[in-house]
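The structure file run-v7.csv is reproduced below (CSV, C-alpha atoms and all ligand atoms).
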chain,number,residue,atom,x,y,z
T,1,MET,CA,96.0,123.5,81.1
T,2,ASN,CA,94.7,119.9,81.2
T,3,ALA,CA,98.2,118.4,81.4
T,4,PHE,CA,99.1,121.0,84.1
T,5,ILE,CA,96.1,119.9,86.1
T,6,GLN,CA,96.8,116.2,85.7
T,7,GLY,CA,100.4,116.6,86.9
T,8,LEU,CA,99.6,119.0,89.7
T,9,PRO,CA,100.2,117.5,93.2
T,10,LYS,CA,96.9,117.4,95.1
T,11,VAL,CA,95.5,116.9,98.6
T,12,GLU,CA,92.0,115.6,99.1
T,13,LEU,CA,90.1,116.5,102.3
T,14,HIS,CA,86.5,115.4,101.5
T,15,LEU,CA,86.1,111.8,100.4
T,16,HIS,CA,83.6,109.3,101.7
T,17,ILE,CA,85.3,105.9,101.3
T,18,GLU,CA,81.9,104.2,100.8
T,19,GLY,CA,81.3,106.7,98.0
T,20,SER,CA,84.4,105.4,96.1
T,21,LEU,CA,82.8,102.0,95.6
T,22,GLU,CA,82.7,101.7,91.8
T,23,PRO,CA,79.9,99.5,90.3
T,24,GLU,CA,82.5,96.9,89.1
T,25,LEU,CA,83.8,96.4,92.6
T,26,LEU,CA,80.3,96.5,94.0
T,27,PHE,CA,79.3,93.6,91.7
T,28,LYS,CA,82.5,91.7,92.6
T,29,LEU,CA,81.9,92.0,96.4
T,30,ALA,CA,78.2,91.2,96.1
T,31,GLN,CA,79.1,88.0,94.2
T,32,ARG,CA,81.9,87.1,96.8
T,33,ASN,CA,79.3,87.7,99.6
T,34,GLY,CA,76.4,85.8,98.0
T,35,LEU,CA,74.2,88.9,97.6
T,36,SER,CA,71.9,89.7,94.7
T,37,ILE,CA,71.8,93.1,93.0
T,38,PRO,CA,68.7,94.3,91.2
T,39,TYR,CA,70.8,95.3,88.1
T,40,ASP,CA,72.2,93.1,85.4
T,41,SER,CA,75.6,94.7,85.1
T,42,PRO,CA,77.8,97.4,86.5
T,43,GLU,CA,77.0,99.5,83.4
T,44,GLU,CA,73.3,99.3,84.1
T,45,LEU,CA,73.8,100.2,87.7
T,46,ARG,CA,75.9,103.2,86.7
T,47,LYS,CA,73.1,104.4,84.5
T,48,ALA,CA,70.8,104.5,87.5
T,49,TYR,CA,73.0,107.2,89.1
T,50,GLU,CA,70.8,110.1,88.4
T,51,PHE,CA,70.0,112.2,91.4
T,52,GLU,CA,67.7,115.2,92.1
T,53,ASP,CA,69.0,116.1,95.6
T,54,LEU,CA,71.1,114.8,98.5
T,55,GLN,CA,68.4,112.4,99.8
T,56,SER,CA,67.9,110.6,96.4
T,57,PHE,CA,71.7,110.0,96.3
T,58,LEU,CA,71.9,108.8,99.9
T,59,ASP,CA,69.2,106.2,99.4
T,60,ILE,CA,71.3,104.6,96.6
T,61,TYR,CA,74.6,105.1,98.4
T,62,TYR,CA,73.5,103.3,101.6
T,63,GLN,CA,72.2,100.4,99.4
T,64,GLY,CA,75.5,100.1,97.7
T,65,ALA,CA,77.3,100.0,101.0
T,66,ASN,CA,75.5,96.8,101.9
T,67,ALA,CA,77.9,94.9,99.6
T,68,LEU,CA,80.7,95.7,102.1
T,69,GLN,CA,80.8,92.9,104.7
T,70,THR,CA,84.3,91.6,105.5
T,71,GLU,CA,87.5,93.3,106.5
T,72,GLN,CA,88.9,92.3,103.1
T,73,ASP,CA,86.0,94.2,101.4
T,74,PHE,CA,87.0,97.4,103.3
T,75,TYR,CA,90.6,96.8,102.4
T,76,ASP,CA,89.8,96.3,98.7
T,77,LEU,CA,87.6,99.4,98.7
T,78,THR,CA,90.3,101.6,100.2
T,79,TRP,CA,93.0,100.1,98.1
T,80,ALA,CA,91.1,100.8,94.9
T,81,TYR,CA,90.6,104.4,95.9
T,82,LEU,CA,94.3,104.8,96.7
T,83,LYS,CA,95.3,103.5,93.3
T,84,ARG,CA,93.1,106.3,91.8
T,85,CYS,CA,94.9,108.8,94.0
T,86,GLU,CA,98.2,107.6,92.6
T,87,GLN,CA,96.9,108.2,89.0
T,88,ASP,CA,95.7,111.7,90.0
T,89,ASN,CA,98.9,112.7,91.8
T,90,VAL,CA,97.2,112.9,95.2
T,91,MET,CA,100.0,113.3,97.8
T,92,HIS,CA,97.8,113.2,100.9
T,93,THR,CA,94.1,112.3,101.6
T,94,GLU,CA,91.8,112.6,104.6
T,95,ILE,CA,89.1,110.0,104.3
T,96,PHE,CA,85.6,109.9,105.9
T,97,PHE,CA,84.1,106.6,106.9
T,98,ASP,CA,80.5,106.1,108.2
T,99,PRO,CA,80.7,103.3,110.8
T,100,GLN,CA,77.0,103.5,111.6
T,101,THR,CA,76.1,102.5,108.0
T,102,HIS,CA,77.9,99.2,108.8
T,103,THR,CA,77.3,98.6,112.5
T,104,GLU,CA,73.6,99.0,112.0
T,105,ARG,CA,73.8,95.9,109.7
T,106,GLY,CA,75.7,93.9,112.2
T,107,ILE,CA,79.2,94.5,110.9
T,108,SER,CA,81.6,95.2,113.7
T,109,PHE,CA,83.4,98.6,114.1
T,110,GLY,CA,86.7,96.7,114.1
T,111,THR,CA,86.0,95.0,110.8
T,112,VAL,CA,85.4,98.3,109.1
T,113,ILE,CA,88.3,100.3,110.6
T,114,ASN,CA,90.9,97.5,110.4
T,115,GLY,CA,90.3,96.9,106.7
T,116,ILE,CA,90.5,100.6,105.9
T,117,ASP,CA,93.5,101.1,108.1
T,118,ARG,CA,95.5,98.2,106.6
T,119,ALA,CA,95.0,99.7,103.1
T,120,LEU,CA,96.0,103.2,104.3
T,121,LYS,CA,99.2,101.9,105.8
T,122,GLU,CA,100.1,100.0,102.7
T,123,GLY,CA,99.3,103.1,100.6
T,124,GLU,CA,101.8,105.1,102.7
T,125,GLU,CA,104.5,102.4,102.4
T,126,SER,CA,104.1,101.3,98.8
T,127,LEU,CA,102.5,104.3,97.0
T,128,GLY,CA,103.9,107.1,99.2
T,129,ILE,CA,100.4,108.6,99.8
T,130,SER,CA,99.9,109.9,103.4
T,131,SER,CA,96.5,109.8,104.9
T,132,GLN,CA,94.2,110.4,107.9
T,133,LEU,CA,90.9,108.9,108.9
T,134,ILE,CA,87.8,110.9,109.9
T,135,MET,CA,84.8,109.1,111.5
T,136,CYS,CA,81.5,110.6,110.5
T,137,PHE,CA,78.2,110.4,112.5
T,138,LEU,CA,75.1,110.0,110.4
T,139,ARG,CA,73.0,113.1,111.3
T,140,HIS,CA,69.7,111.4,110.5
T,141,LEU,CA,70.3,109.0,113.4
T,142,SER,CA,70.0,110.0,117.1
T,143,GLU,CA,72.3,111.8,119.4
T,144,GLN,CA,72.4,108.7,121.5
T,145,ALA,CA,73.5,106.5,118.5
T,146,ALA,CA,76.3,109.0,117.9
T,147,LEU,CA,77.4,108.8,121.5
T,148,GLU,CA,77.5,105.0,121.3
T,149,THR,CA,79.5,105.2,118.1
T,150,LEU,CA,81.9,107.6,119.8
T,151,SER,CA,82.5,105.1,122.6
T,152,GLN,CA,83.1,102.3,120.1
T,153,ALA,CA,85.8,104.4,118.4
T,154,LEU,CA,87.8,105.0,121.6
T,155,PRO,CA,89.8,101.8,121.4
T,156,TYR,CA,90.8,102.8,117.9
T,157,LYS,CA,91.6,106.4,118.7
T,158,ASP,CA,95.2,106.2,117.4
T,159,LYS,CA,93.7,105.5,113.9
T,160,ILE,CA,91.2,108.4,113.8
T,161,ILE,CA,92.2,112.1,113.7
T,162,ALA,CA,88.8,113.7,113.7
T,163,VAL,CA,85.0,113.2,113.8
T,164,GLY,CA,82.6,114.6,111.2
T,165,LEU,CA,78.9,114.9,110.5
T,166,ASP,CA,77.3,113.7,107.2
T,167,SER,CA,74.0,112.4,105.7
T,168,SER,CA,70.8,114.4,105.5
T,169,GLU,CA,71.4,118.1,106.4
T,170,LYS,CA,67.8,119.2,106.1
T,171,GLY,CA,66.0,118.8,109.4
T,172,HIS,CA,69.2,117.7,111.2
T,173,PRO,CA,71.1,120.9,112.2
T,174,PRO,CA,74.5,121.0,113.9
T,175,GLU,CA,72.9,121.8,117.3
T,176,LYS,CA,71.5,118.2,117.4
T,177,PHE,CA,75.2,117.0,117.8
T,178,ALA,CA,76.6,119.8,120.0
T,179,ARG,CA,77.0,117.6,123.0
T,180,VAL,CA,78.5,114.7,121.0
T,181,PHE,CA,81.1,117.0,119.5
T,182,THR,CA,81.9,118.4,122.9
T,183,GLU,CA,82.5,114.8,124.1
T,184,ALA,CA,84.6,114.0,121.0
T,185,ARG,CA,86.8,117.1,121.5
T,186,LYS,CA,87.3,116.2,125.2
T,187,ALA,CA,88.5,112.8,124.0
T,188,GLY,CA,91.0,114.5,121.8
T,189,PHE,CA,89.4,114.4,118.4
T,190,LEU,CA,89.5,117.3,116.0
T,191,THR,CA,86.1,118.1,114.4
T,192,VAL,CA,84.7,118.9,110.9
T,193,ALA,CA,81.1,118.9,109.7
T,194,HIS,CA,79.1,119.0,106.5
T,195,ALA,CA,77.2,122.3,106.5
T,196,GLY,CA,75.8,124.7,103.9
T,197,GLU,CA,75.5,122.0,101.2
T,198,GLU,CA,71.7,121.8,101.2
T,199,GLY,CA,71.2,123.6,104.5
T,200,PRO,CA,71.3,127.3,105.1
T,201,ALA,CA,74.2,129.6,106.0
T,202,GLN,CA,73.1,129.4,109.6
T,203,ASN,CA,74.3,125.8,109.7
T,204,ILE,CA,77.8,127.0,108.8
T,205,TYR,CA,77.8,129.5,111.7
T,206,ASP,CA,76.5,126.8,114.0
T,207,ALA,CA,79.1,124.2,112.9
T,208,ILE,CA,81.8,126.7,113.7
T,209,GLU,CA,80.3,128.0,117.0
T,210,LEU,CA,78.6,124.9,118.4
T,211,LEU,CA,80.8,122.1,117.0
T,212,GLY,CA,84.1,123.8,117.0
T,213,VAL,CA,85.1,122.6,113.6
T,214,SER,CA,88.5,123.1,112.0
T,215,ARG,CA,87.0,122.9,108.5
T,216,VAL,CA,83.5,123.2,107.0
T,217,ASP,CA,82.6,120.5,104.5
T,218,HIS,CA,80.9,121.9,101.4
T,219,GLY,CA,79.9,125.4,102.9
T,220,VAL,CA,79.0,126.7,99.4
T,221,ARG,CA,75.8,128.3,100.8
T,222,CYS,CA,77.9,130.8,102.8
T,223,VAL,CA,77.3,133.3,100.0
T,224,GLU,CA,73.8,133.8,101.4
T,225,SER,CA,75.4,135.9,104.2
T,226,ASP,CA,77.9,138.6,103.3
T,227,ALA,CA,78.9,138.7,107.0
T,228,LEU,CA,79.6,135.0,107.0
T,229,VAL,CA,81.8,135.3,103.9
T,230,GLU,CA,83.7,138.1,105.6
T,231,GLN,CA,84.2,135.9,108.7
T,232,LEU,CA,85.4,133.0,106.6
T,233,ILE,CA,88.0,135.2,104.9
T,234,GLU,CA,89.1,136.7,108.1
T,235,SER,CA,89.4,133.5,110.0
T,236,GLN,CA,90.7,131.5,107.0
T,237,MET,CA,88.2,128.8,107.9
T,238,PRO,CA,88.7,126.2,105.1
T,239,LEU,CA,85.8,124.9,103.0
T,240,THR,CA,86.1,121.5,101.4
T,241,VAL,CA,84.1,122.1,98.2
T,242,CYS,CA,83.1,119.2,95.9
T,243,PRO,CA,82.3,120.6,92.5
T,244,LEU,CA,81.0,117.6,90.6
T,245,SER,CA,79.0,116.5,93.6
T,246,ASN,CA,77.3,119.8,93.8
T,247,ILE,CA,76.2,119.5,90.1
T,248,LYS,CA,75.1,115.9,90.4
T,249,LEU,CA,73.0,116.8,93.5
T,250,CYS,CA,71.6,120.0,91.9
T,251,VAL,CA,73.1,122.4,94.5
T,252,PHE,CA,74.1,124.4,91.4
T,253,GLU,CA,72.5,124.1,88.0
T,254,SER,CA,75.8,124.0,86.1
T,255,MET,CA,79.5,124.3,86.7
T,256,ALA,CA,79.4,127.8,85.2
T,257,ASP,CA,77.0,128.7,88.0
T,258,HIS,CA,79.3,127.3,90.7
T,259,ASN,CA,80.7,129.8,93.1
T,260,ILE,CA,84.1,128.2,94.0
T,261,VAL,CA,86.2,130.4,91.8
T,262,GLU,CA,84.4,133.6,93.0
T,263,LEU,CA,85.1,132.4,96.6
T,264,LEU,CA,88.8,131.7,95.8
T,265,ARG,CA,89.2,135.2,94.3
T,266,LYS,CA,87.6,136.8,97.4
T,267,GLY,CA,90.2,135.1,99.6
T,268,VAL,CA,88.1,132.3,101.1
T,269,ALA,CA,90.2,129.2,101.8
T,270,VAL,CA,88.4,126.9,99.4
T,271,THR,CA,89.7,123.5,98.3
T,272,ILE,CA,88.6,121.0,95.6
T,273,ASN,CA,87.5,117.5,96.5
T,274,SER,CA,85.6,114.5,95.1
T,275,ASP,CA,83.1,113.6,97.8
T,276,ASP,CA,81.7,110.3,96.4
T,277,PRO,CA,83.6,109.9,93.1
T,278,ALA,CA,82.0,106.5,92.1
T,279,TYR,CA,78.6,108.2,92.1
T,280,PHE,CA,79.3,111.7,91.0
T,281,GLY,CA,81.4,111.1,87.8
T,282,GLY,CA,85.0,111.7,88.9
T,283,TYR,CA,88.0,111.7,91.1
T,284,MET,CA,90.3,114.7,92.0
T,285,THR,CA,91.7,115.4,88.5
T,286,ASP,CA,88.1,115.3,87.0
T,287,ASN,CA,86.9,117.8,89.6
T,288,PHE,CA,89.8,120.2,88.9
T,289,LEU,CA,89.2,119.8,85.1
T,290,ALA,CA,85.5,120.4,85.4
T,291,VAL,CA,86.1,123.7,87.3
T,292,SER,CA,88.8,124.9,85.0
T,293,GLN,CA,86.7,124.1,81.9
T,294,ALA,CA,83.9,126.3,83.2
T,295,HIS,CA,86.0,129.1,84.7
T,296,LYS,CA,89.1,130.5,83.1
T,297,MET,CA,91.9,130.5,85.8
T,298,SER,CA,95.6,131.0,85.9
T,299,LYS,CA,98.0,128.2,86.9
T,300,GLU,CA,98.7,130.0,90.1
T,301,GLU,CA,94.9,130.1,90.9
T,302,ILE,CA,94.6,126.4,90.2
T,303,ALA,CA,97.6,125.5,92.4
T,304,LYS,CA,96.2,127.7,95.1
T,305,PHE,CA,93.5,125.0,95.6
T,306,THR,CA,96.2,122.5,96.6
T,307,LEU,CA,98.1,125.1,98.7
T,308,ASN,CA,94.8,125.8,100.6
T,309,ALA,CA,94.3,122.1,101.1
T,310,ILE,CA,97.8,121.7,102.5
T,311,ASP,CA,97.1,124.5,105.0
T,312,ALA,CA,93.7,123.0,105.9
T,313,SER,CA,95.0,119.4,106.4
T,314,PHE,CA,95.6,117.6,109.6
T,315,ILE,CA,99.3,116.9,109.0
T,316,ASP,CA,102.3,118.3,110.9
T,317,ASN,CA,104.0,121.5,109.9
T,318,GLU,CA,107.1,119.8,108.6
T,319,LYS,CA,105.2,117.7,106.2
T,320,LYS,CA,103.0,120.6,105.2
T,321,GLN,CA,106.2,122.5,104.3
T,322,ALA,CA,107.5,119.6,102.2
T,323,TYR,CA,104.1,119.4,100.3
T,324,ARG,CA,104.1,123.2,99.7
T,325,GLN,CA,107.6,122.9,98.2
T,326,ARG,CA,106.4,120.2,95.9
T,327,VAL,CA,103.6,122.3,94.6
T,328,ASN,CA,105.7,125.5,94.3
T,329,HIS,CA,108.4,123.5,92.5
T,330,TYR,CA,105.8,122.1,90.1
T,331,LEU,CA,104.4,125.5,89.5
T,332,ASN,CA,107.8,127.0,88.8
T,333,SER,CA,108.8,124.2,86.4
T,334,GLU,CA,105.5,124.5,84.5
T,335,SER,CA,105.3,128.2,84.0
T,401,LIG,N1,76.6,115.1,102.0
T,401,LIG,C1,76.1,114.5,103.0
T,401,LIG,N2,76.3,113.2,103.3
T,401,LIG,C2,77.0,112.5,102.5
T,401,LIG,C3,77.6,113.0,101.4
T,401,LIG,C4,77.3,114.4,101.1
T,401,LIG,O1,77.8,115.0,100.1
T,401,LIG,N3,78.3,112.0,100.8
T,401,LIG,C5,78.1,111.0,101.6
T,401,LIG,N4,77.4,111.2,102.6
T,402,ZN,ZN,80.5,114.7,101.7

Kindly return the structure encoded in the file as structure tokens.
Amino acid sequence: MNAFIQGLPKVELHLHIEGSLEPELLFKLAQRNGLSIPYDSPEELRKAYEFEDLQSFLDIYYQGANALQTEQDFYDLTWAYLKRCEQDNVMHTEIFFDPQTHTERGISFGTVINGIDRALKEGEESLGISSQLIMCFLRHLSEQAALETLSQALPYKDKIIAVGLDSSEKGHPPEKFARVFTEARKAGFLTVAHAGEEGPAQNIYDAIELLGVSRVDHGVRCVESDALVEQLIESQMPLTVCPLSNIKLCVFESMADHNIVELLRKGVAVTINSDDPAYFGGYMTDNFLAVSQAHKMSKEEIAKFTLNAIDASFIDNEKKQAYRQRVNHYLNSES
């Protein structure tokens, strides 16, 4: 089964590009930019990646992002992630970036997006990996700050397919950003939001109702409401689930306790994603392997995660059909 998972064509829909910053690259960028790091080596830094909840992770994650300063840094970050996608047979990826993490430190919006975009274009041309970019608002910051970020994004609208919502879920419910998301939709952006990771099922309802999302990021706490699970099945609202992240941030005690396979079997449109792979112990293949080691599944069930992700992606129907064919062809040749 491990070889089947390794070779399976995959689609990633929940990846924070800043969360793919490996300690080795972080050290290299810090040195290039003349910054000091309070750790002696990448290995020592990696050992510090023990988290008890979302906030304890975010504190370290925002610190790590300080190493990113120039357009070349954002290019190098994105290119390194795309090379990992290539190893994991990822055909298509939809990437989050957090402009406010950088503009708050005086790095321009253009520096961030131009570096990321240049790598994505090269990834498409030389690695054959297609991609889209999703701009997230940091929910611990104000509505006003999000509105300003939205206006900064307008000149780059052709490079951004959707807006999202990330950072601390507790105390910052979807309704705080209802007006921002209405403005974003008017400007032509699709919308997604993190909801039901650490926050209650109500946040999932509200992300759907108040923010008009096309997908819910995480969403695993939907099981606290039977009616919500029914609604998710009926509407086929996709959930971008991040199994290793959920274990690292103690959303579930162990992978055996994770509900992703139960949701899949109920007919919820769940997908597997890596979230912040440099911090949570693995990329796409690692996440698939971790789920399959804890839950016995058939090859058809494993491939369904990719088929769900293709349906849930923001690519045109023709490309979706071509990607489905690749998965079905692989499944037929492997069974
Ligand atoms: N949740 C919320 N915010 C985030 C995450 C996450 O898993 N990763 C990066 N920012
Ligand atoms: Zn996330």

What is the distance between atom C5 of ligand LIG 401 (chain T) and atom CA of T:Leu68, in Å to one decimal?
15.5 Å

Give the residue list for ligand ZN 402 (chain T) at 12 Å, counting all atoms listed in the file, as an MDAnalysis selection string, sorted by chain and then by residue number.
chainID T and resid 12:20 54 57:58 61 94:98 134 136:138 164:169 192:198 216:219 239:246 249 272:277 279:280

Kindly indicate which residue among T:Asp286, T:Glu253, T:Asp311, T:Ile60 lies nearest to T:Gln236, using only C-alpha atoms for the distances.
T:Asp311

Show me, as JSON, numbers by chain, the residues that have an atom within 10 Å of T:Lys266 when counting all atoms listed in the file, minus same-chain residues fewer than 5 positions from it.
{"T": [229, 230, 233, 260, 261]}

Quick one: residues within 8 Å of (84.2, 102.0, 116.4) (file frame), counting only C-alpha atoms, please, as an mmCIF file with C-alpha atoms, in the coordinates of the input.
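Saved to part.cif:
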data_model
loop_
_atom_site.group_PDB
_atom_site.id
_atom_site.type_symbol
_atom_site.label_atom_id
_atom_site.label_comp_id
_atom_site.auth_asym_id
_atom_site.auth_seq_id
_atom_site.Cartn_x
_atom_site.Cartn_y
_atom_site.Cartn_z
ATOM 1 C CA PRO T 99 80.700 103.300 110.800
ATOM 2 C CA SER T 108 81.600 95.200 113.700
ATOM 3 C CA PHE T 109 83.400 98.600 114.100
ATOM 4 C CA GLY T 110 86.700 96.700 114.100
ATOM 5 C CA ILE T 113 88.300 100.300 110.600
ATOM 6 C CA THR T 149 79.500 105.200 118.100
ATOM 7 C CA LEU T 150 81.900 107.600 119.800
ATOM 8 C CA SER T 151 82.500 105.100 122.600
ATOM 9 C CA GLN T 152 83.100 102.300 120.100
ATOM 10 C CA ALA T 153 85.800 104.400 118.400
ATOM 11 C CA LEU T 154 87.800 105.000 121.600
ATOM 12 C CA PRO T 155 89.800 101.800 121.400
ATOM 13 C CA TYR T 156 90.800 102.800 117.900
#

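Within 12 Å of the point (105.2, 105.9, 97.4) in file coordinates, and counting all atoms listed in the file, lie the residues Leu82, Lys83, Cys85, Glu86, Asn89, Val90, Met91, His92, Leu120, Lys121, Glu122, Gly123, Glu124, Glu125, Ser126, Leu127, Gly128, Ile129 and Ser130 of chain T.
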
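Of the residues under consideration (T:Asp206, T:Ser214, T:Ala67, T:Lys248), T:Lys248 shows the shortest atom-to-atom contact distance to ligand LIG 401 (chain T) when counting only C-alpha atoms and all ligand atoms.
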
What's the 9 Å shell around T:Ala256, counting only C-alpha atoms, without same-chain residues fewer than 2 positions away, as number ranges by chain?
T: 252-254, 258-259, 291, 293-295

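With distances restricted to all atoms listed in the file, T:Ala278 is the closest residue to ligand LIG 401 (chain T) from T:Leu35, T:Ala278, T:Thr78, T:Met255.
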
Pick out the residues sitting within 12 Å of T:Tyr39, and hand them over as a PDB file with C-alpha atoms, in the coordinates of the input; count all atoms listed in the file, and ignore anything fewer than 6 positions along from it in its own chain.
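Once everything was written out, this is result-v2.pdb:
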ATOM      1  CA  PRO T  23      79.900  99.500  90.300  1.00  0.00           C
ATOM      2  CA  GLU T  24      82.500  96.900  89.100  1.00  0.00           C
ATOM      3  CA  LEU T  26      80.300  96.500  94.000  1.00  0.00           C
ATOM      4  CA  PHE T  27      79.300  93.600  91.700  1.00  0.00           C
ATOM      5  CA  ALA T  30      78.200  91.200  96.100  1.00  0.00           C
ATOM      6  CA  LEU T  45      73.800 100.200  87.700  1.00  0.00           C
ATOM      7  CA  ARG T  46      75.900 103.200  86.700  1.00  0.00           C
ATOM      8  CA  LYS T  47      73.100 104.400  84.500  1.00  0.00           C
ATOM      9  CA  ALA T  48      70.800 104.500  87.500  1.00  0.00           C
ATOM     10  CA  GLY T  64      75.500 100.100  97.700  1.00  0.00           C
TER      11      GLY T  64
END

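For the set T:Arg32, T:Arg118, T:Lys170, T:Arg84, the residue with the smallest atom-to-atom gap to ligand LIG 401 (chain T) is T:Lys170, counting all atoms listed in the file.
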